[in-house]
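Visitor: Let me give you the structure first, and then I'll get to my questions.
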Amino acid sequence: MKEVILTPEGYERLKQEIDYLRGDKRREVADRIRVAREFGDIAENAEYDDAKNEQAMLEHRIAQLEERVLNARVIDKKEISKDVVSIGSRVKLKDMETNKSVEYRIVGSAEANPAENKLSNESPVGKAIIGHKKGETVEVTAPRGTLKFKILDIKAA
């Protein structure tokens, strides 16, 4: 698996999710299996099958998250440049076509969430602005066409 780049907050959230899944969620699924067994013949027991499937998916999710933690590289705040866009930067961009401004946080792909304005360094916009400085205009080739953004501000997040 490739290196997973995370912010300190993303790393903590990942560890908290693993703890929750290993603890409370495993107990919840085990209780479902126990209750389903009490219904009788497990060969024709849909509740039991459903609970066992949930258990398999849960264990798969835990394994995925543990692998991410093992391959994680946490970005230290000291590593985040205020001069050029990098992972961990908070960047204010102006769309040159619509004249609207928006602020994004550049994160690794594991933390990306456009609804929270967290852009992946691997997204079209993220790739295009990484390494650029305040005041520069950057062209982004996106699925809906070419976009132009001016970098208005860069901060360490």
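By convention here, the chains of the structure tokens are called A, B, ... in the order presented, each chain's residues are numbered starting at 1, and ligands are numbered starting at 1 in the order presented.
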Applying 12 Å and only C-alpha atoms, which residues near Ile5 of chain A remain after dropping the ones on its own chain fewer than 3 positions away? List them as a PyMOL selection string.

Guide: chain A and resi 2+8-11+68-76+86-88+106-112+120-122

Visitor: Please provide as a VMD selection string all residues within 8 Å of Ala157 of chain A, with the sequence filter that same-chain residues fewer than 6 positions apart are discarded (counting only C-alpha atoms).

Guide: chain A and resid 77 88 to 90 105

Visitor: Include N, CA and C atoms and write out the residues we just selected as a PDB file, in the first residue's frame.

Guide:
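Result file is selection.pdb:
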```pdb
ATOM      1  N   LYS A  77       3.232  20.431  11.626  1.00  0.00           N
ATOM      2  CA  LYS A  77       2.930  21.837  11.327  1.00  0.00           C
ATOM      3  C   LYS A  77       4.173  22.602  10.890  1.00  0.00           C
ATOM      4  N   GLY A  88      -1.463  20.404   4.013  1.00  0.00           N
ATOM      5  CA  GLY A  88      -1.578  21.069   5.299  1.00  0.00           C
ATOM      6  C   GLY A  88      -1.846  22.559   5.159  1.00  0.00           C
ATOM      7  N   SER A  89      -1.708  23.094   3.954  1.00  0.00           N
ATOM      8  CA  SER A  89      -1.967  24.521   3.727  1.00  0.00           C
ATOM      9  C   SER A  89      -3.463  24.809   3.724  1.00  0.00           C
ATOM     10  N   ARG A  90      -3.781  26.010   4.164  1.00  0.00           N
ATOM     11  CA  ARG A  90      -5.130  26.553   4.003  1.00  0.00           C
ATOM     12  C   ARG A  90      -4.975  27.610   2.910  1.00  0.00           C
ATOM     13  N   ARG A 105      -8.603  23.563   2.431  1.00  0.00           N
ATOM     14  CA  ARG A 105      -7.486  22.995   3.163  1.00  0.00           C
ATOM     15  C   ARG A 105      -6.970  21.844   2.307  1.00  0.00           C
TER      16      ARG A 105
END
```

Visitor: For Ala51 of chain A, list every protein, DNA or RNA residue within 12 Å, evaluated using only C-alpha atoms, and leave out those in the same chain fewer than 4 positions away; present the list as a VMD selection string.

Guide: chain A and resid 25 to 37 42 45 to 47 55 to 58

Visitor: Can you pull out every residue from chain A that DSSP, working from the backbone, puts in strand (DSSP E), and format the result as an NGL selection string?

Guide: :A and (4-6 or 72-74 or 89-95 or 101-107 or 118-120 or 137-142 or 145-156)

Visitor: DSSP on the backbone, then: every residue of segment 33-134 of chain A marked alpha helix (DSSP H), written as an NGL selection string.

Guide: :A and (33-37 or 46-70 or 124-129)

Visitor: Sorted by chain and rising residue number, list the residues of segment 16-125 of chain A at most 6 Å from segment 144-153 of chain A (counting only C-alpha atoms), each with its closest atom pair and distance in Å to one decimal, as CSV.

Guide:
```
residue,atom,partner,partner_atom,distance
A:Val91,CA,A:Asp153,CA,5.7
A:Lys92,CA,A:Asp153,CA,5.0
A:Leu93,CA,A:Ile151,CA,4.8
A:Lys94,CA,A:Lys150,CA,5.1
A:Asp95,CA,A:Phe149,CA,4.7
A:Met96,CA,A:Lys148,CA,5.5
```

Visitor: For the residues in the current selection, export N, CA and C atoms as an mmCIF file, in the first residue's frame.

Guide:
```
data_model
loop_
_atom_site.group_PDB
_atom_site.id
_atom_site.type_symbol
_atom_site.label_atom_id
_atom_site.label_comp_id
_atom_site.auth_asym_id
_atom_site.auth_seq_id
_atom_site.Cartn_x
_atom_site.Cartn_y
_atom_site.Cartn_z
ATOM 1 N N VAL A 91 -5.676 27.414 1.791
ATOM 2 C CA VAL A 91 -5.467 28.239 0.606
ATOM 3 C C VAL A 91 -6.758 28.946 0.213
ATOM 4 N N LYS A 92 -6.653 30.250 -0.004
ATOM 5 C CA LYS A 92 -7.805 31.009 -0.489
ATOM 6 C C LYS A 92 -7.616 31.213 -1.987
ATOM 7 N N LEU A 93 -8.586 30.711 -2.764
ATOM 8 C CA LEU A 93 -8.534 30.785 -4.220
ATOM 9 C C LEU A 93 -9.668 31.649 -4.747
ATOM 10 N N LYS A 94 -9.376 32.343 -5.844
ATOM 11 C CA LYS A 94 -10.405 33.118 -6.521
ATOM 12 C C LYS A 94 -10.617 32.491 -7.892
ATOM 13 N N ASP A 95 -11.857 32.088 -8.161
ATOM 14 C CA ASP A 95 -12.207 31.544 -9.468
ATOM 15 C C ASP A 95 -12.247 32.734 -10.430
ATOM 16 N N MET A 96 -11.377 32.743 -11.424
ATOM 17 C CA MET A 96 -11.243 33.887 -12.329
ATOM 18 C C MET A 96 -12.460 34.049 -13.244
#
```

Visitor: Would you please work out which residue, of A:Glu17, A:Asp41, A:Asp50, A:Glu116, is nearest to Ala63 of chain A when using only C-alpha atoms?

Guide: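 Among the listed residues, the smallest separation from Ala63 of chain A belongs to A:Glu17.
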